[in-house]
$ cat start-v4.pdb   # PDB, C-alpha atoms and all ligand atoms
ATOM      1  CA  VAL A 914      30.582  46.571 -23.154
ATOM      2  CA  GLY A 915      32.716  43.540 -22.352
ATOM      3  CA  GLN A 916      30.276  41.577 -20.212
ATOM      4  CA  GLN A 917      29.622  37.871 -20.681
ATOM      5  CA  VAL A 918      25.906  37.406 -21.320
ATOM      6  CA  VAL A 919      23.727  34.322 -21.209
ATOM      7  CA  ILE A 920      20.385  34.678 -22.977
ATOM      8  CA  GLY A 921      17.707  32.545 -21.388
ATOM      9  CA  SER A 922      14.601  31.092 -22.943
ATOM     10  CA  ARG A 923      12.008  28.438 -22.269
ATOM     11  CA  SER A 924      13.826  26.688 -25.148
ATOM     12  CA  ALA A 925      17.632  26.526 -25.020
ATOM     13  CA  GLU A 926      17.617  25.969 -28.802
ATOM     14  CA  ARG A 927      15.718  29.195 -29.383
ATOM     15  CA  ALA A 928      18.186  31.057 -27.164
ATOM     16  CA  ALA A 929      21.127  29.601 -29.115
ATOM     17  CA  GLU A 930      19.506  30.722 -32.386
ATOM     18  CA  VAL A 931      19.124  34.272 -31.053
ATOM     19  CA  CYS A 932      22.762  34.316 -29.913
ATOM     20  CA  ALA A 933      23.926  33.138 -33.347
ATOM     21  CA  GLU A 934      21.776  35.799 -35.009
ATOM     22  CA  LEU A 935      23.195  38.580 -32.795
ATOM     23  CA  THR A 936      26.775  37.397 -33.173
ATOM     24  CA  SER A 937      26.499  37.350 -36.969
ATOM     25  CA  ARG A 938      24.774  40.739 -36.985
ATOM     26  CA  TRP A 939      27.557  42.359 -34.900
ATOM     27  CA  PRO A 940      30.723  40.417 -35.882
ATOM     28  CA  GLU A 941      33.043  43.305 -35.016
ATOM     29  CA  ALA A 942      31.626  43.613 -31.476
ATOM     30  CA  SER A 943      33.214  40.312 -30.284
ATOM     31  CA  LEU A 944      30.095  39.535 -28.275
ATOM     32  CA  SER A 945      30.472  37.044 -25.463
ATOM     33  CA  LEU A 946      27.047  35.456 -25.766
ATOM     34  CA  ARG A 947      25.667  32.040 -24.929
ATOM     35  CA  GLY A 948      22.160  30.651 -25.041
ATOM     36  CA  ALA A 949      20.638  28.503 -22.291
ATOM     37  CA  ASP A 950      17.328  27.524 -20.818
ATOM     38  CA  ASN A 951      15.983  29.896 -18.171
ATOM     39  CA  ALA A 952      17.623  27.919 -15.358
ATOM     40  CA  GLY A 953      20.990  28.197 -17.130
ATOM     41  CA  ALA A 954      20.562  31.948 -17.506
ATOM     42  CA  ALA A 955      19.464  32.281 -13.878
ATOM     43  CA  ALA A 956      22.806  30.780 -12.839
ATOM     44  CA  CYS A 957      24.508  34.076 -13.853
ATOM     45  CA  ASP A 958      25.797  36.540 -11.235
ATOM     46  CA  LEU A 959      23.195  39.160 -12.134
ATOM     47  CA  VAL A 960      19.880  38.240 -13.739
ATOM     48  CA  VAL A 961      17.499  40.399 -15.777
ATOM     49  CA  VAL A 962      13.901  39.196 -16.041
ATOM     50  CA  ALA A 963      12.759  40.342 -19.485
ATOM     51  CA  THR A 964       9.571  38.397 -20.146
ATOM     52  CA  PRO A 965       6.134  39.942 -20.702
ATOM     53  CA  TRP A 966       4.928  41.424 -17.409
ATOM     54  CA  ASP A 967       2.398  38.721 -16.598
ATOM     55  CA  ALA A 968       5.090  36.029 -16.861
ATOM     56  CA  ALA A 969       7.823  37.812 -14.868
ATOM     57  CA  ALA A 970       6.971  36.570 -11.354
ATOM     58  CA  SER A 971       6.179  33.010 -12.446
ATOM     59  CA  THR A 972       9.351  32.816 -14.567
ATOM     60  CA  ALA A 973      11.464  34.041 -11.645
ATOM     61  CA  ALA A 974       9.699  31.585  -9.323
ATOM     62  CA  SER A 975      10.427  28.720 -11.736
ATOM     63  CA  VAL A 976      14.184  29.259 -11.265
ATOM     64  CA  ALA A 977      13.999  30.512  -7.653
ATOM     65  CA  GLU A 978      16.680  28.169  -6.347
ATOM     66  CA  HIS A 979      19.237  29.846  -8.651
ATOM     67  CA  LEU A 980      18.287  33.364  -7.564
ATOM     68  CA  VAL A 981      18.875  33.203  -3.822
ATOM     69  CA  GLY A 982      21.096  36.115  -2.747
ATOM     70  CA  LYS A 983      21.424  37.424  -6.312
ATOM     71  CA  VAL A 984      20.619  40.761  -7.866
ATOM     72  CA  VAL A 985      17.572  40.283 -10.104
ATOM     73  CA  VAL A 986      16.453  43.176 -12.286
ATOM     74  CA  SER A 987      12.787  43.521 -13.213
ATOM     75  CA  MET A 988      12.132  45.642 -16.310
ATOM     76  CA  ALA A 989       8.531  44.726 -17.100
ATOM     77  CA  ASN A 990       5.742  47.229 -17.557
ATOM     78  CA  ALA A 991       2.178  46.052 -16.905
ATOM     79  CA  LEU A 992       0.281  47.553 -19.841
ATOM     80  CA  ALA A 993      -2.970  46.727 -21.576
ATOM     81  CA  LYS A 994      -4.137  47.895 -25.000
ATOM     82  CA  VAL A 995      -7.446  49.730 -24.688
ATOM     83  CA  GLY A 996      -8.552  51.065 -28.064
ATOM     84  CA  ASP A 997      -5.601  53.018 -29.450
ATOM     85  CA  GLU A 998      -4.029  53.459 -26.027
ATOM     86  CA  LEU A 999      -1.693  51.432 -23.877
ATOM     87  CA  GLN A1000      -2.941  51.833 -20.321
ATOM     88  CA  ALA A1001      -1.105  50.993 -17.099
ATOM     89  CA  LEU A1002      -2.446  48.105 -15.045
ATOM     90  CA  VAL A1003      -1.950  47.623 -11.316
ATOM     91  CA  PRO A1004      -0.446  44.154 -10.851
ATOM     92  CA  ALA A1005      -0.651  42.128  -7.657
ATOM     93  CA  ARG A1006       1.586  43.710  -4.951
ATOM     94  CA  GLY A1007       1.359  47.082  -6.732
ATOM     95  CA  SER A1008       4.078  46.587  -9.342
ATOM     96  CA  VAL A1009       5.657  43.822 -11.381
ATOM     97  CA  ALA A1010       8.931  44.310  -9.486
ATOM     98  CA  GLN A1011       7.217  43.818  -6.114
ATOM     99  CA  ALA A1012       5.410  40.739  -7.463
ATOM    100  CA  VAL A1013       8.791  39.325  -8.554
ATOM    101  CA  GLN A1014      10.236  40.102  -5.098
ATOM    102  CA  ALA A1015       7.319  38.260  -3.476
ATOM    103  CA  ALA A1016       7.818  35.298  -5.824
ATOM    104  CA  VAL A1017      11.533  35.010  -4.988
ATOM    105  CA  PRO A1018      11.943  36.414  -1.465
ATOM    106  CA  GLY A1019      15.556  35.197  -1.296
ATOM    107  CA  ALA A1020      16.614  37.401  -4.237
ATOM    108  CA  ARG A1021      17.568  41.077  -4.218
ATOM    109  CA  ILE A1022      15.165  42.668  -6.657
ATOM    110  CA  ALA A1023      15.872  45.942  -8.423
ATOM    111  CA  ALA A1024      13.703  47.611 -11.052
ATOM    112  CA  ALA A1025      15.236  49.382 -14.073
ATOM    113  CA  PHE A1026      15.175  49.902 -17.872
ATOM    114  CA  HIS A1027      11.400  50.529 -18.093
ATOM    115  CA  HIS A1028      11.616  53.572 -20.362
ATOM    116  CA  VAL A1029      14.482  52.448 -22.616
ATOM    117  CA  PRO A1030      13.203  51.798 -26.147
ATOM    118  CA  ALA A1031      14.008  48.283 -27.352
ATOM    119  CA  ARG A1032      15.050  49.297 -30.859
ATOM    120  CA  GLU A1033      17.676  51.768 -29.618
ATOM    121  CA  LEU A1034      18.904  49.363 -26.913
ATOM    122  CA  GLY A1035      19.388  46.706 -29.585
ATOM    123  CA  GLN A1036      21.413  49.058 -31.795
ATOM    124  CA  ILE A1037      24.633  48.269 -29.982
ATOM    125  CA  ASP A1038      26.929  50.481 -32.070
ATOM    126  CA  ALA A1039      25.112  53.686 -31.052
ATOM    127  CA  PRO A1040      24.518  55.273 -27.637
ATOM    128  CA  VAL A1041      21.017  55.159 -26.124
ATOM    129  CA  ASP A1042      19.924  58.611 -25.018
ATOM    130  CA  CYS A1043      17.908  57.908 -21.870
ATOM    131  CA  ASP A1044      17.898  58.243 -18.099
ATOM    132  CA  VAL A1045      17.129  55.030 -16.237
ATOM    133  CA  LEU A1046      15.334  55.183 -12.896
ATOM    134  CA  VAL A1047      16.620  52.401 -10.652
ATOM    135  CA  CYS A1048      14.924  51.372  -7.417
ATOM    136  CA  SER A1049      15.369  48.578  -4.903
ATOM    137  CA  ASP A1050      14.923  47.829  -1.221
ATOM    138  CA  ASP A1051      18.481  46.466  -1.245
ATOM    139  CA  ASP A1052      21.281  49.064  -1.482
ATOM    140  CA  GLN A1053      23.721  46.601  -3.037
ATOM    141  CA  ALA A1054      21.194  45.563  -5.691
ATOM    142  CA  ARG A1055      20.457  49.207  -6.513
ATOM    143  CA  ARG A1056      24.171  49.984  -6.824
ATOM    144  CA  ALA A1057      24.943  46.896  -8.951
ATOM    145  CA  THR A1058      22.038  47.689 -11.264
ATOM    146  CA  MET A1059      23.109  51.327 -11.571
ATOM    147  CA  GLU A1060      26.599  50.122 -12.488
ATOM    148  CA  LEU A1061      25.146  47.848 -15.169
ATOM    149  CA  VAL A1062      23.085  50.721 -16.589
ATOM    150  CA  GLY A1063      26.122  53.012 -16.519
ATOM    151  CA  MET A1064      28.116  50.575 -18.685
ATOM    152  CA  ILE A1065      25.769  51.161 -21.611
ATOM    153  CA  PRO A1066      26.824  54.249 -23.593
ATOM    154  CA  GLY A1067      24.309  57.101 -23.275
ATOM    155  CA  LEU A1068      22.268  55.583 -20.455
ATOM    156  CA  VAL A1069      22.426  57.410 -17.132
ATOM    157  CA  ALA A1070      21.289  55.603 -13.981
ATOM    158  CA  LEU A1071      19.382  57.659 -11.419
ATOM    159  CA  ASP A1072      18.747  56.445  -7.881
ATOM    160  CA  ALA A1073      14.950  56.273  -7.522
ATOM    161  CA  GLY A1074      14.914  54.877  -3.985
ATOM    162  CA  THR A1075      13.078  51.837  -2.695
ATOM    163  CA  LEU A1076      11.037  49.284  -4.615
ATOM    164  CA  SER A1077       7.905  51.231  -3.649
ATOM    165  CA  ALA A1078       8.802  53.568  -6.549
ATOM    166  CA  ALA A1079       8.435  50.732  -9.071
ATOM    167  CA  ALA A1080       4.661  51.164  -9.385
ATOM    168  CA  ALA A1081       4.973  54.772 -10.554
ATOM    169  CA  ILE A1082       8.008  54.039 -12.736
ATOM    170  CA  GLU A1083       6.286  51.135 -14.488
ATOM    171  CA  ALA A1084       2.993  53.028 -14.912
ATOM    172  CA  PHE A1085       4.730  56.097 -16.365
ATOM    173  CA  THR A1086       5.719  53.974 -19.371
ATOM    174  CA  ALA A1087       2.089  54.134 -20.526
ATOM    175  CA  VAL A1088       2.260  57.947 -20.415
ATOM    176  CA  LEU A1089       5.529  58.013 -22.355
ATOM    177  CA  LEU A1090       4.222  55.631 -25.026
ATOM    178  CA  GLY A1091       1.022  57.714 -25.340
ATOM    179  CA  VAL A1092       3.022  60.930 -25.793
ATOM    180  CA  ASN A1093       5.148  59.212 -28.431
ATOM    181  CA  ARG A1094       2.077  58.002 -30.276
ATOM    182  CA  ARG A1095       0.427  61.443 -30.272
ATOM    183  CA  TYR A1096       3.606  63.328 -31.240
ATOM    184  CA  LYS A1097       4.681  60.586 -33.681
ATOM    185  CA  THR A1098       8.131  60.385 -32.125
ATOM    186  CA  ARG A1099      10.335  58.187 -29.957
ATOM    187  CA  ALA A1100      11.030  60.412 -26.964
ATOM    188  CA  THR A1101      12.801  58.843 -23.996
ATOM    189  CA  LEU A1102      13.132  59.954 -20.383
ATOM    190  CA  ARG A1103      15.653  62.670 -19.447
ATOM    191  CA  LEU A1104      15.414  64.528 -16.124
ATOM    192  CA  VAL A1105      16.849  68.036 -16.041
ATOM    193  CA  GLY A1106      18.355  69.798 -13.030
ATOM    194  CA  ILE A1107      20.761  67.117 -11.797
ATOM    195  CA  GLU A1108      24.390  68.230 -11.900
ATOM    196  CA  GLU A1109      26.326  66.471 -14.652
ATOM    197  CA  SER A1110      28.994  65.317 -12.173
ATOM    198  CA  ARG A1111      26.350  63.676  -9.964
ATOM    199  CA  ARG A1112      24.571  62.066 -12.937
ATOM    200  CA  ALA A1113      27.812  60.297 -13.867
ATOM    201  CA  VAL A1114      28.255  58.771 -10.418
ATOM    202  CA  ALA A1115      26.341  55.572  -9.776
ATOM    203  CA  GLY A1116      24.810  55.361  -6.318
TER     204      GLY A1116
HETATM  205  N1  LIG B   1      10.035  46.533 -25.842
HETATM  206  C1  LIG B   1      10.420  47.616 -25.189
HETATM  207  O1  LIG B   1      10.692  48.687 -25.777
HETATM  208  C2  LIG B   1      10.568  47.579 -23.677
HETATM  209  C3  LIG B   1      11.172  48.639 -23.017
HETATM  210  C4  LIG B   1      11.323  48.582 -21.627
HETATM  211  C5  LIG B   1      10.830  47.492 -20.931
HETATM  212  N2  LIG B   1      10.208  46.482 -21.602
HETATM  213  C6  LIG B   1       9.702  45.344 -20.849
HETATM  214  O2  LIG B   1      10.623  44.288 -21.062
HETATM  215  C7  LIG B   1       9.953  43.040 -21.083
HETATM  216  C8  LIG B   1      10.330  42.301 -22.349
HETATM  217  O3  LIG B   1       9.897  43.026 -23.472
HETATM  218  P1  LIG B   1       9.932  42.373 -24.933
HETATM  219  O4  LIG B   1       9.367  43.357 -25.858
HETATM  220  O5  LIG B   1      11.283  41.797 -25.185
HETATM  221  O6  LIG B   1       8.895  41.157 -24.702
HETATM  222  P2  LIG B   1       8.601  39.868 -25.580
HETATM  223  O7  LIG B   1       9.425  39.900 -26.831
HETATM  224  O8  LIG B   1       7.122  39.749 -25.737
HETATM  225  O9  LIG B   1       9.064  38.677 -24.628
HETATM  226  C9  LIG B   1      10.409  38.443 -24.326
HETATM  227  C10 LIG B   1      10.617  36.937 -24.177
HETATM  228  O10 LIG B   1       9.885  36.442 -23.060
HETATM  229  C11 LIG B   1       9.620  35.054 -23.263
HETATM  230  N3  LIG B   1       8.202  34.791 -22.949
HETATM  231  C12 LIG B   1       7.116  35.182 -23.666
HETATM  232  N4  LIG B   1       5.984  34.769 -23.073
HETATM  233  C13 LIG B   1       6.368  34.078 -21.969
HETATM  234  C14 LIG B   1       5.645  33.388 -20.958
HETATM  235  N5  LIG B   1       4.307  33.337 -20.958
HETATM  236  N6  LIG B   1       6.360  32.791 -19.963
HETATM  237  C15 LIG B   1       7.724  32.845 -19.949
HETATM  238  N7  LIG B   1       8.459  33.484 -20.899
HETATM  239  C16 LIG B   1       7.770  34.102 -21.880
HETATM  240  C17 LIG B   1       9.891  34.758 -24.733
HETATM  241  O11 LIG B   1      11.086  33.991 -24.806
HETATM  242  P3  LIG B   1      11.039  32.390 -25.037
HETATM  243  O12 LIG B   1       9.794  32.116 -25.834
HETATM  244  O13 LIG B   1      12.280  32.170 -25.815
HETATM  245  O14 LIG B   1      11.019  31.789 -23.678
HETATM  246  C18 LIG B   1      10.121  36.117 -25.348
HETATM  247  O15 LIG B   1      11.063  36.127 -26.382
HETATM  248  C19 LIG B   1       8.443  43.341 -21.012
HETATM  249  O16 LIG B   1       7.988  43.064 -19.719
HETATM  250  C20 LIG B   1       8.347  44.824 -21.322
HETATM  251  O17 LIG B   1       7.297  45.431 -20.586
HETATM  252  C21 LIG B   1      10.099  46.494 -22.960
END
$ encode --input "start-v4.pdb" --output "structure tokens"
Amino acid sequence: VGQQVVIGSRSAERAAEVCAELTSRWPEASLSLRGADNAGAAACDLVVVATPWDAAASTAASVAEHLVGKVVVSMANALAKVGDELQALVPARGSVAQAVQAAVPGARIAAAFHHVPARELGQIDAPVDCDVLVCSDDDQARRATMELVGMIPGLVALDAGTLSAAAAIEAFTAVLLGVNRRYKTRATLRLVGIEESRRAVAG
């Protein structure tokens, strides 16, 4: 969608390999992609923390000096496999997003993308049919994150209020994954009853 993206990793080499792989997979998309270590990626204007949930706060803390004043999006879901099920865990502070906010108090944390399936999100030549609940204690962070979501064809950002909503949003992922497993499908989240014109407007 025309944004310059830096993919971070604990290994800059690994990030560069992933960028090369994506660029060769989507040659016609003219992707503006660059790999870096996590500090290099954290130097971007807007940062998405996309590690496993139990590494999100520590990863953000490890690059905290780069995140001061920035919008940082947490997308992690704290889930544990119990038998056949993925069950929601309650992380420290109540949600992963709140744990990330506590780890980097100088950053403006928003939470988003929890219910977007990775396979569809990675299929960049097709729209992703999903609503995205966005919450933050910082109005500017919520708006910037909703704008980012709105750039991705098919995704609709919905204002879910303050970061206190993150616990329920993250935990609901376990419900969605369980429904998908039982119905052998890949359902995403779509809320009905919001006027189309209002759904299109971020913030
Ligand atoms: N998969 C989905 O459909 C989906 C949907 C919505 C939200 N999410 C959430 O998005 C996040 C990422 O999901 P994913 O499936 O992409 O996860 P993943 O493949 O397991 O991890 C993403 C990257 O995090 C880094 N990483 C792994 N362990 C780490 C550690 N201990 N410390 C620091 N970095 C570590 C790795 O990069 P390097 O080794 O290169 O550093 C890895 O490639 C998760 O929190 C998940 O809950 C996933």
$ closest_residue --input "start-v4.pdb" --among "A:Ala933, A:Ala1020, A:Val960, A:Val1088" --to "Val981 of chain A" --atoms "only C-alpha atoms"
A:Ala1020
$ atom_distance --input "start-v4.pdb" --atom1 "atom CA of Asn951 of chain A" --atom2 "atom CA of Ala928 of chain A"
9.3 Å
$ closest_residue --input "start-v4.pdb" --among "A:Ala1079, A:Asn1093, A:Arg938, A:Leu1071" --to "Gln1036 of chain A" --atoms "only C-alpha atoms"
A:Arg938
$ residues_around --input "start-v4.pdb" --residues "Val1105 of chain A" --least-positions-apart "3" --cutoff "12 Å" --atoms "all atoms listed in the file" --output "PyMOL selection string"
chain A and resi 1043-1044+1071+1102+1108-1109+1112
$ write_last_selection --input "start-v4.pdb" --atoms "C-alpha atoms" --output "PDB file, in the coordinates of the input"
ATOM      1  CA  CYS A1043      17.908  57.908 -21.870  1.00  0.00           C
ATOM      2  CA  ASP A1044      17.898  58.243 -18.099  1.00  0.00           C
ATOM      3  CA  LEU A1071      19.382  57.659 -11.419  1.00  0.00           C
ATOM      4  CA  LEU A1102      13.132  59.954 -20.383  1.00  0.00           C
ATOM      5  CA  GLU A1108      24.390  68.230 -11.900  1.00  0.00           C
ATOM      6  CA  GLU A1109      26.326  66.471 -14.652  1.00  0.00           C
ATOM      7  CA  ARG A1112      24.571  62.066 -12.937  1.00  0.00           C
TER       8      ARG A1112
END
$ closest_atom_pairs --input "start-v4.pdb" --of "chain A" --to "ligand LIG 1 (chain B)" --cutoff "8 Å" --atoms "all atoms listed in the file" --output "Markdown table"
| residue | atom | partner | partner_atom | distance |
| --- | --- | --- | --- | --- |
| A:Gly921 | CA | B:LIG1 | O13 | 7.0 |
| A:Ser922 | CA | B:LIG1 | O14 | 3.7 |
| A:Arg923 | CA | B:LIG1 | O14 | 3.8 |
| A:Ser924 | CA | B:LIG1 | O13 | 5.7 |
| A:Ala925 | CA | B:LIG1 | O13 | 7.8 |
| A:Arg927 | CA | B:LIG1 | O13 | 5.8 |
| A:Ala928 | CA | B:LIG1 | O13 | 6.2 |
| A:Asn951 | CA | B:LIG1 | O14 | 7.7 |
| A:Val962 | CA | B:LIG1 | C7 | 7.5 |
| A:Ala963 | CA | B:LIG1 | C7 | 4.2 |
| A:Thr964 | CA | B:LIG1 | O10 | 3.5 |
| A:Pro965 | CA | B:LIG1 | O16 | 3.8 |
| A:Trp966 | CA | B:LIG1 | O16 | 4.2 |
| A:Asp967 | CA | B:LIG1 | N5 | 7.2 |
| A:Ala968 | CA | B:LIG1 | N6 | 4.7 |
| A:Ala969 | CA | B:LIG1 | C15 | 7.1 |
| A:Ser971 | CA | B:LIG1 | N6 | 7.5 |
| A:Thr972 | CA | B:LIG1 | C15 | 5.6 |
| A:Met988 | CA | B:LIG1 | C5 | 5.1 |
| A:Ala989 | CA | B:LIG1 | O16 | 3.1 |
| A:Asn990 | CA | B:LIG1 | O17 | 3.9 |
| A:Ala991 | CA | B:LIG1 | O17 | 6.3 |
| A:Leu992 | CA | B:LIG1 | O17 | 7.4 |
| A:Phe1026 | CA | B:LIG1 | C4 | 5.5 |
| A:His1027 | CA | B:LIG1 | C4 | 4.0 |
| A:His1028 | CA | B:LIG1 | C4 | 5.2 |
| A:Val1029 | CA | B:LIG1 | C3 | 5.1 |
| A:Pro1030 | CA | B:LIG1 | O1 | 4.0 |
| A:Ala1031 | CA | B:LIG1 | O1 | 3.7 |
| A:Arg1032 | CA | B:LIG1 | O1 | 6.7 |
$ write_last_selection --input "start-v4.pdb" --atoms "C-alpha atoms" --output "PDB file, in the coordinates of the input"
ATOM      1  CA  GLY A 921      17.707  32.545 -21.388  1.00  0.00           C
ATOM      2  CA  SER A 922      14.601  31.092 -22.943  1.00  0.00           C
ATOM      3  CA  ARG A 923      12.008  28.438 -22.269  1.00  0.00           C
ATOM      4  CA  SER A 924      13.826  26.688 -25.148  1.00  0.00           C
ATOM      5  CA  ALA A 925      17.632  26.526 -25.020  1.00  0.00           C
ATOM      6  CA  ARG A 927      15.718  29.195 -29.383  1.00  0.00           C
ATOM      7  CA  ALA A 928      18.186  31.057 -27.164  1.00  0.00           C
ATOM      8  CA  ASN A 951      15.983  29.896 -18.171  1.00  0.00           C
ATOM      9  CA  VAL A 962      13.901  39.196 -16.041  1.00  0.00           C
ATOM     10  CA  ALA A 963      12.759  40.342 -19.485  1.00  0.00           C
ATOM     11  CA  THR A 964       9.571  38.397 -20.146  1.00  0.00           C
ATOM     12  CA  PRO A 965       6.134  39.942 -20.702  1.00  0.00           C
ATOM     13  CA  TRP A 966       4.928  41.424 -17.409  1.00  0.00           C
ATOM     14  CA  ASP A 967       2.398  38.721 -16.598  1.00  0.00           C
ATOM     15  CA  ALA A 968       5.090  36.029 -16.861  1.00  0.00           C
ATOM     16  CA  ALA A 969       7.823  37.812 -14.868  1.00  0.00           C
ATOM     17  CA  SER A 971       6.179  33.010 -12.446  1.00  0.00           C
ATOM     18  CA  THR A 972       9.351  32.816 -14.567  1.00  0.00           C
ATOM     19  CA  MET A 988      12.132  45.642 -16.310  1.00  0.00           C
ATOM     20  CA  ALA A 989       8.531  44.726 -17.100  1.00  0.00           C
ATOM     21  CA  ASN A 990       5.742  47.229 -17.557  1.00  0.00           C
ATOM     22  CA  ALA A 991       2.178  46.052 -16.905  1.00  0.00           C
ATOM     23  CA  LEU A 992       0.281  47.553 -19.841  1.00  0.00           C
ATOM     24  CA  PHE A1026      15.175  49.902 -17.872  1.00  0.00           C
ATOM     25  CA  HIS A1027      11.400  50.529 -18.093  1.00  0.00           C
ATOM     26  CA  HIS A1028      11.616  53.572 -20.362  1.00  0.00           C
ATOM     27  CA  VAL A1029      14.482  52.448 -22.616  1.00  0.00           C
ATOM     28  CA  PRO A1030      13.203  51.798 -26.147  1.00  0.00           C
ATOM     29  CA  ALA A1031      14.008  48.283 -27.352  1.00  0.00           C
ATOM     30  CA  ARG A1032      15.050  49.297 -30.859  1.00  0.00           C
TER      31      ARG A1032
END
$ axis_aligned_box --input "start-v4.pdb" --around "segment 987-993 of chain A" --padding-each-side "6 Å" --output "JSON"
{"center_x": 4.9, "center_y": 45.5, "center_z": -17.4, "size_x": 27.8, "size_y": 16.0, "size_z": 20.4}
$ residues_around --input "start-v4.pdb" --residues "Glu930 of chain A" --least-positions-apart "5" --cutoff "10 Å" --atoms "only C-alpha atoms" --output "list in words"
Ala925, Leu935, Thr936, Arg947 and Gly948 of chain A
$ residues_around --input "start-v4.pdb" --residues "Ser987 of chain A" --least-positions-apart "3" --cutoff "7 Å" --atoms "all atoms listed in the file" --output "VMD selection string"
chain A and resid 961 to 962 1010 1023 to 1025
$ atom_distance --input "start-v4.pdb" --atom1 "atom CA of Gln916 of chain A" --atom2 "atom CA of Ser945 of chain A"
6.9 Å
$ atom_distance --input "start-v4.pdb" --atom1 "atom CA of Ala1054 of chain A" --atom2 "atom CA of Gly982 of chain A"
9.9 Å
$ residues_near_point --input "start-v4.pdb" --point "(-0.5, 51.1, -17.4)" --cutoff "12 Å" --atoms "all atoms listed in the file" --output "short mmCIF file (atom, residue, chain, number, x, y, z; two decimals) with C-alpha atoms, in the frame of the given file"
data_model
loop_
_atom_site.label_atom_id
_atom_site.label_comp_id
_atom_site.auth_asym_id
_atom_site.auth_seq_id
_atom_site.Cartn_x
_atom_site.Cartn_y
_atom_site.Cartn_z
CA TRP A 966 4.93 41.42 -17.41
CA ALA A 989 8.53 44.73 -17.10
CA ASN A 990 5.74 47.23 -17.56
CA ALA A 991 2.18 46.05 -16.90
CA LEU A 992 0.28 47.55 -19.84
CA ALA A 993 -2.97 46.73 -21.58
CA LYS A 994 -4.14 47.90 -25.00
CA VAL A 995 -7.45 49.73 -24.69
CA GLU A 998 -4.03 53.46 -26.03
CA LEU A 999 -1.69 51.43 -23.88
CA GLN A 1000 -2.94 51.83 -20.32
CA ALA A 1001 -1.10 50.99 -17.10
CA LEU A 1002 -2.45 48.10 -15.04
CA VAL A 1003 -1.95 47.62 -11.32
CA PRO A 1004 -0.45 44.15 -10.85
CA GLY A 1007 1.36 47.08 -6.73
CA SER A 1008 4.08 46.59 -9.34
CA VAL A 1009 5.66 43.82 -11.38
CA HIS A 1027 11.40 50.53 -18.09
CA ALA A 1080 4.66 51.16 -9.38
CA ALA A 1081 4.97 54.77 -10.55
CA ILE A 1082 8.01 54.04 -12.74
CA GLU A 1083 6.29 51.14 -14.49
CA ALA A 1084 2.99 53.03 -14.91
CA PHE A 1085 4.73 56.10 -16.36
CA THR A 1086 5.72 53.97 -19.37
CA ALA A 1087 2.09 54.13 -20.53
CA VAL A 1088 2.26 57.95 -20.42
CA LEU A 1089 5.53 58.01 -22.36
CA LEU A 1090 4.22 55.63 -25.03
CA GLY A 1091 1.02 57.71 -25.34
#
$ residues_around --input "start-v4.pdb" --residues "Val919 of chain A" --least-positions-apart "6" --cutoff "8 Å" --atoms "all atoms listed in the file" --output "MDAnalysis selection string"
chainID A and resid 946:949 953:954 957
$ closest_residue --input "start-v4.pdb" --among "A:Glu1033, A:Arg1021, A:Ile1107, A:Asp1072" --to "Val1045 of chain A" --atoms "all atoms listed in the file"
A:Asp1072
$ closest_residue --input "start-v4.pdb" --among "A:Cys932, A:Val1041, A:Val976, A:Pro940" --to "Val1017 of chain A" --atoms "all atoms listed in the file"
A:Val976
$ closest_residue --input "start-v4.pdb" --among "A:Ser1110, A:Ala929, A:Pro1040, A:Ala1015" --to "Met1064 of chain A" --atoms "all atoms listed in the file"
A:Pro1040
$ closest_residue --input "start-v4.pdb" --among "A:Gly915, A:Pro1018, A:Pro1066, A:Gly1074" --to "Ile1037 of chain A" --atoms "only C-alpha atoms"
A:Pro1066
$ residues_around --input "start-v4.pdb" --residues "Asp1042 of chain A" --least-positions-apart "5" --cutoff "8 Å" --atoms "only C-alpha atoms" --output "MDAnalysis selection string"
chainID A and resid 1067:1068 1101
$ build_atoms --input "start-v4.pdb" --residues "segment 938-944 of chain A" --atoms "N, CA, C and O atoms" --output "mmCIF file, in the coordinates of the input"
data_model
loop_
_atom_site.group_PDB
_atom_site.id
_atom_site.type_symbol
_atom_site.label_atom_id
_atom_site.label_comp_id
_atom_site.auth_asym_id
_atom_site.auth_seq_id
_atom_site.Cartn_x
_atom_site.Cartn_y
_atom_site.Cartn_z
ATOM 1 N N ARG A 938 25.160 39.358 -36.655
ATOM 2 C CA ARG A 938 24.774 40.739 -36.985
ATOM 3 C C ARG A 938 25.837 41.744 -36.548
ATOM 4 O O ARG A 938 26.017 42.793 -37.153
ATOM 5 N N TRP A 939 26.554 41.435 -35.449
ATOM 6 C CA TRP A 939 27.557 42.359 -34.900
ATOM 7 C C TRP A 939 28.908 41.652 -34.805
ATOM 8 O O TRP A 939 29.460 41.512 -33.711
ATOM 9 N N PRO A 940 29.487 41.217 -35.954
ATOM 10 C CA PRO A 940 30.723 40.417 -35.882
ATOM 11 C C PRO A 940 31.874 41.192 -35.249
ATOM 12 O O PRO A 940 32.697 40.621 -34.537
ATOM 13 N N GLU A 941 31.911 42.502 -35.500
ATOM 14 C CA GLU A 941 33.043 43.305 -35.016
ATOM 15 C C GLU A 941 32.943 43.576 -33.511
ATOM 16 O O GLU A 941 33.900 44.037 -32.900
ATOM 17 N N ALA A 942 31.813 43.275 -32.896
ATOM 18 C CA ALA A 942 31.626 43.613 -31.476
ATOM 19 C C ALA A 942 32.209 42.549 -30.545
ATOM 20 O O ALA A 942 32.265 42.754 -29.327
ATOM 21 N N SER A 943 32.679 41.418 -31.099
ATOM 22 C CA SER A 943 33.214 40.312 -30.284
ATOM 23 C C SER A 943 32.307 40.016 -29.083
ATOM 24 O O SER A 943 32.743 40.021 -27.937
ATOM 25 N N LEU A 944 31.047 39.770 -29.356
ATOM 26 C CA LEU A 944 30.095 39.535 -28.275
ATOM 27 C C LEU A 944 30.400 38.228 -27.558
ATOM 28 O O LEU A 944 30.705 37.224 -28.190
#
